[in-house]
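Asker: Got a structure here, written out as structure tokens. Questions coming.
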Amino acid sequence: MSSIHIIGGGLAGSEAAWQAAEAGASVTLHEMRPVRGTDAHQTDGLAELVCSNSLRSDDWENNAVGLLHEEMRRANSLILRAADAHKLPAGGALAVDRHGFSAAITAALENHPRIEIRREEIASVPEEWQSTIIATGPLTSLALAEFVRSLTNEDALSFFDAIAPIAHKESINFDIAWMQSRYDKGDGADYVNCPMNEEQYRAFIAALLAGEKTEFKEWEKSTPYFEGCLPIEVMASRGEETLRFGPMKPVGLSDPRTGYRPHAVVQLRQDNALGTLWNMVGFQTKLKHGEQTRIFRMIPGLENASFARLGGLHRNTFINSPRLLDGALRLKARPALRFAGQITGVEGYVESAAIGLLAGRFAAAEMRRENVSAPPPTTALGALLTHITGGADEKTFQPMNVNFGLFPDLAPSPRVKGKDRKKAMAHRAIADLENWLNKTREAAE
Ligand SMILES: Cc1cc2nc3c(=O)[nH]c(=O)nc-3n(C[C@H](O)[C@H](O)[C@H](O)COP(=O)(O)OP(=O)(O)OC[C@H]3O[C@@H](n4cnc5c(N)ncnc54)[C@H](O)[C@@H]3O)c2cc1C
């Protein structure tokens, strides 16, 4: 049987290699470190955590990333096994000793009888490789990025520099906010609008200017801002009225409670097909995460907002997966190529490893000539996969963390709210995941 080639031994590539090899496939894992480094990695270990040492909440009944942990544990994840073995005290979070974590994964892959590790940069994928997974992450080497760009049309590979926060629709206060498109264009009610009077606007601008920002890393300082995508605090620093003539302009809108145009407006645009997630238009920011939550809750209508993702700014290479990939993570234009990890437009260590887990399983099933079966969208694994391969709007596609807004609502009682709703979704997910795992086991026998 020929080998599955996996490019990139990060979170996704390591998990993909493990899953494919455990399913009986031969794997060649190509990792360019230490032959060639990246701007963020510091070691030659596989699955190096480049920044925080936290895999976030481990509470599977109340938190979507905790649920993803639990599903991955049940699916024999190497990343979760190493995380559990090298866990540090961190309240409800799964934080790890990064060196022990990476060393355990490196050893498990090096010692696996069906895995060969080659330390080399891959600049393009030879036609004769029958099955390849590209898992080269946000800092994909420039040569390979160019290769991917050539396969996916010129502007399909995005260099991502800024993200705006995304709020859960159920947390927006519609006693204050209302639905309306500017000048009633489109369906007339495409946006959520949060109004501000002059006093609220001035206080908001002052908070933005005073808010604590994340520092640029040395190598990020040379990356210029795109003028069309400036962080809001940078816009605010150019003058008190700048935002009122930019993303917070109130023109073409009238508040149904007063019948008048507000002094300023924050707009949110639908971000997923389910209509559960709403993106704050033009609100890309480099404010620290705690500051974002505090300051954005000053916006009338968002006093109790919960955020599926907060804003941020760093180099990130990712493809437009909803447009380019099929439901089994294959490039439609060249199905022998799969993508996994952050390059598919998921965000975060766990999400990247989760997509690696699926890509490894899918590639191994294909080698065995089985039908590739995807996990149901009611599971965290399936919800994330569905989002990047079709659920998200390809025109506005931006990287995404796992969150309950990606899951289909509960039937027959969609009105269950808050913690009870999450718990019910989590229990449904685990039951559906077990079903899927059993079916895939039976298919492999
Ligand atoms: C500066 C920065 C800070 C971050 N902080 C966090 C954080 O705190 N928490 C979080 O959850 N996420 C964070 N992320 C996102 C994080 O990168 C991902 O969550 C995760 O590492 C992605 O996993 P991956 O496997 O897709 O990519 P990676 O883990 O980056 O793995 C990709 C691997 O591919 C290798 N590679 C690249 N090009 C080639 C090539 N041509 N040939 C062979 N090998 C190649 C790289 O050396 C690397 O080992 C951060 C990202 C950056 C850039």
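Quick note on naming: the chains in the structure tokens go A, B, ... in the order shown, residues restart at 1 in each chain, and ligands are numbered from 1 in order of appearance.
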To check your reading of the model: which residues sit at most 7 Å from ligand 1 when counting only C-alpha atoms and all ligand atoms? Write the answer as a PyMOL selection string.
Answerer: chain A and resi 7-13+30-33+37-38+40+46-55+120-123+135-141+143-144+314-316+340-343+347-350+352-353
Asker: Could you dump the residues just selected with C-alpha atoms as a PDB file, in the first residue's frame?
Answerer:
```pdb
ATOM      1  CA  ILE A   7       3.219  17.928   5.292  1.00  0.00           C
ATOM      2  CA  GLY A   8       3.697  19.738   8.609  1.00  0.00           C
ATOM      3  CA  GLY A   9       4.243  18.135  12.015  1.00  0.00           C
ATOM      4  CA  GLY A  10       2.302  20.681  14.069  1.00  0.00           C
ATOM      5  CA  LEU A  11      -0.912  20.081  16.001  1.00  0.00           C
ATOM      6  CA  ALA A  12      -2.885  18.979  12.948  1.00  0.00           C
ATOM      7  CA  GLY A  13      -0.186  17.025  11.091  1.00  0.00           C
ATOM      8  CA  HIS A  30       7.412  15.824   6.430  1.00  0.00           C
ATOM      9  CA  GLU A  31       8.356  18.536   8.928  1.00  0.00           C
ATOM     10  CA  MET A  32      10.654  21.355   7.881  1.00  0.00           C
ATOM     11  CA  ARG A  33      11.969  22.219  11.346  1.00  0.00           C
ATOM     12  CA  GLY A  37      12.289  27.502  11.049  1.00  0.00           C
ATOM     13  CA  THR A  38       9.201  29.701  11.316  1.00  0.00           C
ATOM     14  CA  ALA A  40       7.057  31.656  15.960  1.00  0.00           C
ATOM     15  CA  LEU A  46       6.451  18.050  16.841  1.00  0.00           C
ATOM     16  CA  ALA A  47       3.180  19.687  17.959  1.00  0.00           C
ATOM     17  CA  GLU A  48       4.951  22.671  19.480  1.00  0.00           C
ATOM     18  CA  LEU A  49       2.576  25.161  21.125  1.00  0.00           C
ATOM     19  CA  VAL A  50       3.742  28.514  19.764  1.00  0.00           C
ATOM     20  CA  CYS A  51       2.109  30.804  22.313  1.00  0.00           C
ATOM     21  CA  SER A  52      -0.196  30.000  25.236  1.00  0.00           C
ATOM     22  CA  ASN A  53       0.150  26.573  26.921  1.00  0.00           C
ATOM     23  CA  SER A  54      -3.609  26.245  27.331  1.00  0.00           C
ATOM     24  CA  LEU A  55      -5.961  24.043  25.352  1.00  0.00           C
ATOM     25  CA  GLU A 120      12.555  18.624   5.081  1.00  0.00           C
ATOM     26  CA  GLU A 121      10.657  21.524   3.585  1.00  0.00           C
ATOM     27  CA  ILE A 122       8.171  20.545   0.920  1.00  0.00           C
ATOM     28  CA  ALA A 123       7.783  23.281  -1.675  1.00  0.00           C
ATOM     29  CA  ALA A 135      -1.113  20.735   7.476  1.00  0.00           C
ATOM     30  CA  THR A 136       1.452  23.502   7.400  1.00  0.00           C
ATOM     31  CA  GLY A 137      -0.441  25.954   9.584  1.00  0.00           C
ATOM     32  CA  PRO A 138      -0.643  29.733   9.778  1.00  0.00           C
ATOM     33  CA  LEU A 139       3.073  30.099   9.063  1.00  0.00           C
ATOM     34  CA  THR A 140       3.195  27.856   5.988  1.00  0.00           C
ATOM     35  CA  SER A 141       6.558  28.341   4.265  1.00  0.00           C
ATOM     36  CA  ALA A 143       7.330  28.341  -1.252  1.00  0.00           C
ATOM     37  CA  LEU A 144       4.495  25.985  -0.340  1.00  0.00           C
ATOM     38  CA  HIS A 314      -1.384  38.228  13.352  1.00  0.00           C
ATOM     39  CA  ARG A 315      -0.071  36.611  10.207  1.00  0.00           C
ATOM     40  CA  ASN A 316      -2.224  33.695   9.205  1.00  0.00           C
ATOM     41  CA  ALA A 340      -5.954  20.046   7.766  1.00  0.00           C
ATOM     42  CA  GLY A 341      -5.373  22.393  10.682  1.00  0.00           C
ATOM     43  CA  GLN A 342      -5.337  26.133  10.851  1.00  0.00           C
ATOM     44  CA  ILE A 343      -4.738  26.459   7.091  1.00  0.00           C
ATOM     45  CA  GLU A 347      -8.601  28.836  14.759  1.00  0.00           C
ATOM     46  CA  GLY A 348      -6.742  27.386  17.741  1.00  0.00           C
ATOM     47  CA  TYR A 349      -4.653  24.426  18.845  1.00  0.00           C
ATOM     48  CA  VAL A 350      -7.563  22.094  19.590  1.00  0.00           C
ATOM     49  CA  SER A 352      -6.484  22.455  14.318  1.00  0.00           C
ATOM     50  CA  ALA A 353      -5.769  19.061  15.876  1.00  0.00           C
TER      51      ALA A 353
END
```
Asker: Can you list, as a PyMOL selection string, all residues belonging to range 281-438 of chain A that DSSP tags as alpha helix (DSSP H)?
Answerer: chain A and resi 289-296+321-324+349-367+380-386+418-438
Asker: For Asn304 in chain A, which residue among A:His168, A:Arg421, A:Arg257, A:His41 is the nearest when counting only C-alpha atoms?
Answerer: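 Nearest candidate to Asn304 in chain A out of A:His168, A:Arg421, A:Arg257, A:His41: A:His168.
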Asker: For Ala328 in chain A, which residue among A:Leu142, A:Ala210, A:Ala308, A:Ala364 is the nearest when counting only C-alpha atoms?
Answerer: A:Ala364
Asker: Residues near Gly360 in chain A, anyone? I mean within 8 Å using only C-alpha atoms, not counting same-chain ones fewer than 4 positions away, as number ranges by chain.
Answerer: A: 15-20, 133, 356, 364
Asker: Any idea what the distance is between CA of Thr43 in chain A and CA of Glu22 in chain A?
Answerer: 26.1 Å
Asker: Using only C-alpha atoms, which residues sit within 9 Å of Val281 in chain A once same-chain residues fewer than 3 positions away are excluded, as a CSV table (one decimal) with C-alpha atoms, in the first residue's frame?
Answerer:
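Once written, out10.csv looks like this:
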```csv
chain,number,residue,atom,x,y,z
A,164,ALA,CA,-13.4,41.2,14.2
A,165,PRO,CA,-15.3,39.7,17.2
A,247,PRO,CA,-17.8,51.5,10.5
A,248,MET,CA,-20.0,53.3,13.1
A,266,VAL,CA,-22.5,49.4,15.6
A,267,GLN,CA,-23.6,46.9,13.0
A,268,LEU,CA,-23.4,43.1,13.1
A,269,ARG,CA,-23.7,40.9,10.1
A,278,TRP,CA,-23.0,37.7,14.2
A,284,GLN,CA,-11.0,44.2,13.9
```
Asker: Please provide as a list in words all residues within 12 Å of Thr152 in chain A, with the sequence filter that same-chain residues fewer than 4 positions apart are discarded (counting only C-alpha atoms).
Answerer: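 Skipping anything fewer than 4 positions along the chain leaves Ala145, Glu146, Phe147, Val148, Ala156, Leu157, Ser158, Phe318, Ile319, Asn320, Ser321, Arg323, Leu324, Leu325, Leu331, Lys332, Ala333, Arg334 and Leu337 of chain A.
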Asker: Could you save the residues just selected, with N, CA and C atoms, as an mmCIF file, in the first residue's frame?
Answerer:
```cif
data_model
loop_
_atom_site.group_PDB
_atom_site.id
_atom_site.type_symbol
_atom_site.label_atom_id
_atom_site.label_comp_id
_atom_site.auth_asym_id
_atom_site.auth_seq_id
_atom_site.Cartn_x
_atom_site.Cartn_y
_atom_site.Cartn_z
ATOM 1 N N ALA A 145 3.239 27.990 0.213
ATOM 2 C CA ALA A 145 2.090 28.897 0.104
ATOM 3 C C ALA A 145 1.885 29.293 -1.357
ATOM 4 N N GLU A 146 2.964 29.527 -2.043
ATOM 5 C CA GLU A 146 2.889 29.907 -3.458
ATOM 6 C C GLU A 146 2.317 28.750 -4.284
ATOM 7 N N PHE A 147 2.755 27.522 -3.948
ATOM 8 C CA PHE A 147 2.243 26.333 -4.643
ATOM 9 C C PHE A 147 0.727 26.215 -4.436
ATOM 10 N N VAL A 148 0.300 26.396 -3.195
ATOM 11 C CA VAL A 148 -1.131 26.286 -2.885
ATOM 12 C C VAL A 148 -1.895 27.381 -3.627
ATOM 13 N N ALA A 156 -7.220 33.022 -3.896
ATOM 14 C CA ALA A 156 -7.944 32.111 -3.012
ATOM 15 C C ALA A 156 -7.183 31.830 -1.717
ATOM 16 N N LEU A 157 -5.870 32.004 -1.733
ATOM 17 C CA LEU A 157 -5.095 31.793 -0.511
ATOM 18 C C LEU A 157 -4.956 33.144 0.175
ATOM 19 N N SER A 158 -5.490 33.259 1.362
ATOM 20 C CA SER A 158 -5.550 34.564 2.001
ATOM 21 C C SER A 158 -4.410 34.733 2.981
ATOM 22 N N PHE A 318 -4.446 31.022 5.328
ATOM 23 C CA PHE A 318 -5.531 30.043 5.294
ATOM 24 C C PHE A 318 -6.233 30.112 3.946
ATOM 25 N N ILE A 319 -6.857 28.996 3.593
ATOM 26 C CA ILE A 319 -7.544 28.937 2.306
ATOM 27 C C ILE A 319 -9.041 29.176 2.519
ATOM 28 N N ASN A 320 -9.712 29.467 1.433
ATOM 29 C CA ASN A 320 -11.163 29.649 1.519
ATOM 30 C C ASN A 320 -11.810 28.263 1.436
ATOM 31 N N SER A 321 -11.801 27.554 2.567
ATOM 32 C CA SER A 321 -12.265 26.159 2.570
ATOM 33 C C SER A 321 -13.693 25.974 2.069
ATOM 34 N N ARG A 323 -15.187 27.323 -0.198
ATOM 35 C CA ARG A 323 -15.221 27.330 -1.658
ATOM 36 C C ARG A 323 -14.368 26.197 -2.240
ATOM 37 N N LEU A 324 -13.253 25.867 -1.580
ATOM 38 C CA LEU A 324 -12.243 25.025 -2.219
ATOM 39 C C LEU A 324 -12.296 23.548 -1.844
ATOM 40 N N LEU A 325 -12.823 23.240 -0.650
ATOM 41 C CA LEU A 325 -12.753 21.853 -0.174
ATOM 42 C C LEU A 325 -14.110 21.160 -0.242
ATOM 43 N N LEU A 331 -9.243 18.910 -1.748
ATOM 44 C CA LEU A 331 -9.293 20.045 -2.663
ATOM 45 C C LEU A 331 -10.107 19.623 -3.880
ATOM 46 N N LYS A 332 -11.185 20.349 -4.153
ATOM 47 C CA LYS A 332 -12.060 19.925 -5.264
ATOM 48 C C LYS A 332 -11.270 19.861 -6.567
ATOM 49 N N ALA A 333 -10.330 20.795 -6.744
ATOM 50 C CA ALA A 333 -9.582 20.863 -7.998
ATOM 51 C C ALA A 333 -8.518 19.765 -8.102
ATOM 52 N N ARG A 334 -8.167 19.123 -6.996
ATOM 53 C CA ARG A 334 -7.165 18.043 -7.019
ATOM 54 C C ARG A 334 -7.413 17.148 -5.804
ATOM 55 N N LEU A 337 -5.286 15.769 -2.829
ATOM 56 C CA LEU A 337 -4.763 16.674 -1.791
ATOM 57 C C LEU A 337 -5.840 16.993 -0.776
#
```
Asker: Write out as a PyMOL selection string the residues lying within 7 Å of Lys169 in chain A, counting only C-alpha atoms and excluding same-chain residues fewer than 2 positions away.
Answerer: chain A and resi 167+171-172+276-278
Asker: Looking at only C-alpha atoms, which of A:Lys286, A:Arg261, A:Arg238, A:Lys249 is the one that sits closest to Thr214 in chain A?
Answerer: A:Lys286
Asker: Env of range 57-59 of chain A: 8 Å cut, atoms = only C-alpha atoms, seq-sep filter 2 positions within chain, self excluded. Answer as number ranges by chain.
Answerer: A: 55, 61-63, 65-67, 69, 92-94
